[in-house]
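Asks: Input: one structure, supplied below.
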Amino acid sequence: MTSVKLYPPKPEKVYFFGTCLIDMFFPQAGLDGIRLLEREGIEVVFPDDQTCCGQPAYTSGYQDEARAVAEAQLGLFAEPWPIVVPSGSCGGMMRTHYPQLFAGTPRETEAREVASRIYELTEFLMHVCHIQLADKGRPEKVAMHTSCSARREMGLAETGPKLLAQLGHVELVEQERAAECCGFGGTFAVRHPEVSAAMVEDKTQAIEATGAEHFVTSDCGCLMNIAGRFEYQKKAVWGEHIASYLWRRTT
Amino acid sequence: MSVQIYTPEAFHRQAHDALGNPQIRRNFRKAMDGLMSKRRDVFSDWDLEALRELGANIRLRALAKLPDLLERLEANCQANGIQVHWAENGDEACRIIRELCEARAARAVIKGKSMVSEEMHLNQHLEAAGIEALESDLGEYLVQLNEQTPSHIIMPAIHLNTDEISEILHDKTGTERTRDVDYMTAAARAQLRERFMAADVGISGVNFAVAETGTLCLVENEGNGRMTTTVPPVHIAVTGIEKVVEHLRDVPPLYALLTRSATGQHVTTYFNMISSPRKPGEHDGPEEVHLVLVDNGRSNIYQDNELLDTLRCIRCGACMNHCPVYTRVGGHTYGTTYPGPIGKILMPHMLGLEATKDLPTASSLCGACGEVCPVKIPIPDLLVRLRREAVGEGRGNVPGAGVKRSRKELLAWKGWQWLATHPTVWRGSTMVAGKLRGLTPTKLGPWTEYRTAPKPAKASLHALVKAHQHKDGEGRS
Ligand code: SF4
């Protein structure tokens, strides 16, 4: 899983897979991701027929339904361009689970091929675009929560913090137990609400204790969870997707 | 402290109680934090990934040859004078052990730590037959005094803090109330010593059973394992059939992984290799040694080439120590012999999915368990597989498969599938959701008991991208 990945040179075009959560609830994060890529001189193609990667059904055990939805996405990426996903969770689904999901089906080869072109946004900006960020914002502290799927499934614990480190006026503060899950876990938050609540409570306390007024994540599931908890408690700490933060600080 | 019975069926209620118990929360958090940092430190100068790869491969090779290795183990144990018994399930294993005890007219047995014996409720079985079974592992001893079950597979009494332990020892054995750990350890030790001398039979688990030599390896820190297996005239080792490894040389890497993953130790204080009963002319050691090999659902797991990975486990407990759910709810909440991530993937095979249906879903799939597992068991993938089995979309070979089959839920997913495979309708509905965002309910079931409800954005990403491209197009022309 943590095998060395060889990154291609910066391409002229990429596909952008926005994810359903961003589509519906956090579209600005998706748009900011697209603008960051465009600023690197890349043409971004957004297949209009994209919907959802299929993960919610997959992790709930509804594999047939997940496969049907995943199959509808497979055909959207006909050209051999990289596919950039602004989420470690959906990216992990497409990169690691599509091959399993389609194993033994007629579209297995295609699924493997698509999976091999999946990149998480911060990974792509860092390792393929070799982005150089010029910070234009005022000095501030920020905390980052890297999603468990970005961290463990995709092996990307470092990319977010390294991008933030390029922002000259930003001090990245690390919360206690930074690597621990925020308690979202998709349907987990609904099936085991009390356990999930205990987890997000600890996460918000840890972030608050850093003194940062602001936190960023690379996954909108975690964002919805952590920010939703802060908001519920009427705390001033607020969060956004790292793409929006990077875009905002550098324009 | 009153005796509480925990069951997997009551997972939700037990989780609720544990989460509301600050003592439990503190005890586990503190213990798990300590174990995690010890593990991190002890592996810091190792190529951990290479070692895990090696560990996984040793276990995979052993499992690939399992039937053959078990036969070799049996033959080589017998050649060494160890008597081998096979038990298809826990009841049969209990019966075998009881009969062995009865053959020696045993009244008292002393036990080393053995999760397999917990799995088959051996103590209760022996006690019903009038045979007293005393736990000799310090943690197990405390748990037994307190009429509880272990809350962790390596540290059975990890849910208790010093004050609680002092209270239990005072109540049950009349020691002084104290916070002096050395005093308490010494007191328990003295109590146990006496019992070792009087025991007719010693019962232990096995960490690795080596097929090529017929050797039983037992890893421990307290010396109670050595006492259990050498002082009484009869030693009965009981273990699951998956504990076999092929070669003696397979043991050092697994041992290195086990102790470091479990307690952050380079080595344990004791490492016992049991290869025969007392030989003529020898001055100590048991007259009889028995090995009871227990199946209890394992060969059914073995039939499935994905679930098979469950059997790689070397019972180090690292998955528990790193689990954000286990850390918060503690071991008893699971209501099963094996708690935490390994319990969630193993217990459904032993108890059936009817009883354990809430276990595979009690995970955010954060992957911390799979990341630390020394033999690289893909625990999150196995949890998803068991979820499939529970809702009836698996292969149907796990006991209780289909228990969560629900027309209502299936219909909901079918509806979602229809929407997500009809892009025009999808775009239409996100647009409508955006327009009606003012009507978004502020109560969304359990989600909004702790968080605010997310609101659909005014315009979806699809719409924003359209506007963005339109603007770009104008800019260019
Ligand atoms: S599943 Fe892995 S981490 Fe958990 S107890 Fe077994 S070997 Fe250890």
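Chain labels A, B, ... are given in the sequence in which chains occur in the structure tokens; within each chain residues are numbered consecutively from 1, and ligands are likewise numbered from 1 in the order shown.
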Using only C-alpha atoms, find the residues of chain A whose closest atom to chain B is at most 8 Å away, then write them as a ChimeraX atom specification.
Replies: /A:18,22-28,30-31,46,48-52,57-66,68-69,72,148-149,152-153,180-181,183-186,188-195,197-199,224-225,228-233
Asks: Residues of chain B within 6 Å of ligand 1: nearest atom pair and distance (Å, one decimal) for each, counting only C-alpha atoms and all ligand atoms, sorted by chain and number, as a tab-separated table?
Replies:
residue	atom	partner	partner_atom_place_in_ligand_line	distance
B:Cys313	CA	ligand 1	6 (Fe)	3.7
B:Ile314	CA	ligand 1	7 (S)	4.3
B:Arg315	CA	ligand 1	5 (S)	3.8
B:Cys316	CA	ligand 1	8 (Fe)	3.9
B:Gly317	CA	ligand 1	5 (S)	3.9
B:Ala318	CA	ligand 1	3 (S)	4.4
B:Cys319	CA	ligand 1	3 (S)	4.0
B:Ile342	CA	ligand 1	1 (S)	4.7
B:Cys373	CA	ligand 1	3 (S)	3.6
B:Pro374	CA	ligand 1	7 (S)	5.6
B:Val375	CA	ligand 1	7 (S)	5.7
B:Ile377	CA	ligand 1	2 (Fe)	5.9
Asks: Go ahead and write the residues just picked, N, CA and C atoms, as a CSV table (one decimal), in the first residue's frame.
Replies:
chain,number,residue,atom,x,y,z
B,313,CYS,N,-3.6,-13.5,12.6
B,313,CYS,CA,-3.5,-12.7,13.8
B,313,CYS,C,-2.5,-13.4,14.8
B,314,ILE,N,-1.6,-12.7,15.4
B,314,ILE,CA,-0.8,-13.2,16.5
B,314,ILE,C,-1.1,-12.7,17.9
B,315,ARG,N,-2.3,-12.1,17.9
B,315,ARG,CA,-2.9,-11.7,19.2
B,315,ARG,C,-2.0,-10.7,20.0
B,316,CYS,N,-1.5,-9.7,19.3
B,316,CYS,CA,-0.6,-8.7,20.0
B,316,CYS,C,-1.4,-7.6,20.7
B,317,GLY,N,-2.7,-7.3,20.2
B,317,GLY,CA,-3.5,-6.3,20.8
B,317,GLY,C,-3.2,-4.9,20.3
B,318,ALA,N,-2.2,-4.7,19.4
B,318,ALA,CA,-1.9,-3.4,18.9
B,318,ALA,C,-3.1,-2.7,18.2
B,319,CYS,N,-3.9,-3.5,17.6
B,319,CYS,CA,-5.1,-2.9,16.9
B,319,CYS,C,-6.0,-2.3,17.9
B,342,ILE,N,-9.7,-6.7,16.2
B,342,ILE,CA,-9.6,-8.1,16.0
B,342,ILE,C,-10.9,-8.8,16.4
B,373,CYS,N,-1.0,-3.3,12.5
B,373,CYS,CA,-1.1,-4.7,12.6
B,373,CYS,C,0.2,-5.3,12.1
B,374,PRO,N,0.9,-6.1,13.0
B,374,PRO,CA,2.3,-6.6,12.7
B,374,PRO,C,2.3,-7.6,11.5
B,375,VAL,N,1.1,-8.2,11.3
B,375,VAL,CA,1.0,-9.2,10.2
B,375,VAL,C,0.1,-8.7,9.1
B,377,ILE,N,-2.9,-7.5,8.6
B,377,ILE,CA,-4.3,-7.9,8.3
B,377,ILE,C,-5.0,-6.7,7.8
Asks: Within stretch 74-157 of chain A, find each residue whose DSSP state, derived from the backbone, is alpha helix (DSSP H), and express the selection as a count of residues only.
Replies: 23
Asks: Taking 5 positions as the minimum chain separation for residues in the same chain, which residues sit within 8 Å of stretch 182-199 of chain B when counting only C-alpha atoms? Answer as a ChimeraX atom specification.
Replies: /B:106-110,136,138,166,169,175,227-228,231-232
Asks: So, counting only C-alpha atoms, which residue among A:Lys141, A:Arg151, A:His127, A:Lys203 is closest to A:Lys5?
Replies: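 The answer is A:His127, which sits nearest to A:Lys5.
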Asks: If we count only C-alpha atoms, what is near B:Gly400 at a cut-off of 6 Å, once residues fewer than 6 positions away on the same chain are taken out, given as an mmCIF file with C-alpha atoms, in the first residue's frame?
Replies:
data_model
loop_
_atom_site.group_PDB
_atom_site.id
_atom_site.type_symbol
_atom_site.label_atom_id
_atom_site.label_comp_id
_atom_site.auth_asym_id
_atom_site.auth_seq_id
_atom_site.Cartn_x
_atom_site.Cartn_y
_atom_site.Cartn_z
ATOM 1 C CA GLY B 352 -22.713 -15.506 14.398
ATOM 2 C CA LEU B 353 -23.724 -12.183 12.890
ATOM 3 C CA GLU B 354 -27.105 -12.183 14.664
#
Asks: Which residues are near A:Thr146? Cut-off 10 Å, only C-alpha atoms, ignore same chain within fewer than 6 positions. Put them as a CSV table (one decimal) with N, CA, C and O atoms, in the first residue's frame.
Replies:
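out10.csv, written as the output of this step:
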chain,number,residue,atom,x,y,z
A,88,GLY,N,-9.4,12.7,0.0
A,88,GLY,CA,-8.6,11.5,0.2
A,88,GLY,C,-9.5,10.3,0.3
A,88,GLY,O,-9.2,9.2,-0.1
A,152,ARG,N,-3.8,7.3,5.6
A,152,ARG,CA,-3.5,5.9,5.6
A,152,ARG,C,-3.7,5.1,4.3
A,152,ARG,O,-2.9,4.4,3.8
A,156,LEU,N,-0.8,9.9,2.4
A,156,LEU,CA,-0.5,11.3,2.1
A,156,LEU,C,-0.6,12.2,3.4
A,156,LEU,O,-1.2,13.2,3.4
A,157,ALA,N,0.1,11.7,4.4
A,157,ALA,CA,0.1,12.5,5.7
A,157,ALA,C,0.8,13.8,5.5
A,157,ALA,O,0.5,14.7,6.3
A,158,GLU,N,1.7,13.9,4.6
A,158,GLU,CA,2.6,15.0,4.5
A,158,GLU,C,2.2,16.1,3.6
A,158,GLU,O,2.6,17.3,3.8
A,159,THR,N,1.5,15.8,2.5
A,159,THR,CA,1.3,16.8,1.5
A,159,THR,C,0.6,18.1,1.9
A,159,THR,O,1.0,19.2,1.6
A,160,GLY,N,-0.5,17.9,2.7
A,160,GLY,CA,-1.2,19.1,3.2
A,160,GLY,C,-0.3,20.0,4.0
A,160,GLY,O,-0.1,21.2,3.7
A,161,PRO,N,0.3,19.5,5.1
A,161,PRO,CA,1.2,20.3,5.9
A,161,PRO,C,2.3,20.9,5.1
A,161,PRO,O,2.7,22.1,5.4
A,178,ALA,N,-2.9,14.3,16.5
A,178,ALA,CA,-3.3,14.8,15.1
A,178,ALA,C,-3.7,13.6,14.2
A,178,ALA,O,-4.6,13.8,13.3
A,179,ALA,N,-3.1,12.4,14.4
A,179,ALA,CA,-3.4,11.3,13.5
A,179,ALA,C,-4.7,10.6,13.8
A,179,ALA,O,-5.1,9.7,13.1
A,180,GLU,N,-5.3,11.0,14.9
A,180,GLU,CA,-6.5,10.2,15.3
A,180,GLU,C,-7.7,10.7,14.5
A,180,GLU,O,-7.9,11.8,14.1
A,181,CYS,N,-8.6,9.7,14.2
A,181,CYS,CA,-9.8,9.9,13.4
A,181,CYS,C,-10.7,11.0,14.1
A,181,CYS,O,-10.8,11.0,15.3
A,182,CYS,N,-11.4,11.8,13.3
A,182,CYS,CA,-12.3,12.8,13.8
A,182,CYS,C,-13.7,12.2,14.2
A,182,CYS,O,-14.6,12.9,14.7
A,216,VAL,N,-8.0,23.7,8.6
A,216,VAL,CA,-8.3,23.2,7.3
A,216,VAL,C,-8.3,21.7,7.2
A,216,VAL,O,-7.6,21.0,8.1
A,217,THR,N,-9.0,21.1,6.3
A,217,THR,CA,-8.9,19.7,6.1
A,217,THR,C,-8.8,19.4,4.6
A,217,THR,O,-9.0,20.3,3.8
A,218,SER,N,-8.5,18.2,4.3
A,218,SER,CA,-8.4,17.8,2.8
A,218,SER,C,-9.6,17.0,2.4
A,218,SER,O,-9.7,16.4,1.4
A,219,ASP,N,-10.6,16.9,3.3
A,219,ASP,CA,-11.8,16.1,3.1
A,219,ASP,C,-13.0,16.7,3.6
A,219,ASP,O,-13.0,17.1,4.8
A,222,CYS,N,-14.8,15.1,6.9
A,222,CYS,CA,-14.2,15.6,8.2
A,222,CYS,C,-14.6,17.0,8.5
A,222,CYS,O,-14.9,17.4,9.6
A,242,ILE,N,-8.8,22.7,2.4
A,242,ILE,CA,-7.4,23.3,2.1
A,242,ILE,C,-7.3,24.0,0.8
A,242,ILE,O,-6.6,25.0,0.6
Asks: For B:Ile301, find every residue with an atom within 8 Å (counting only C-alpha atoms), except residues of its own chain fewer than 3 positions away, and show them as a list in words.
Replies: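 Contacts, with the query itself left out: Gly297, Arg298, Asp304, Leu307, Leu308, Thr310, Leu311, His349 and Val398 of chain B.
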Asks: Could you check which of B:Glu74, B:Asp295, B:Asp137, B:Glu167 is closest to B:Thr215, using only C-alpha atoms?
Replies: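 Closest candidate: B:Glu74.
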Asks: Set the distance at 12 Å and use only C-alpha atoms: which residues neighbour A:Tyr98 once local chain neighbours fewer than 4 positions away are removed? I'd like the list as a PyMOL selection string.
Replies: chain A and resi 53-55+58+63+66-71+73-74+90-94+102-105+107-118
Asks: From the options A:Pro99, A:Gly41, A:Pro56, A:Gly211, which residue's atoms come nearest to B:Ala412, counting only C-alpha atoms?
Replies: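 The answer is A:Pro56, which sits nearest to B:Ala412.
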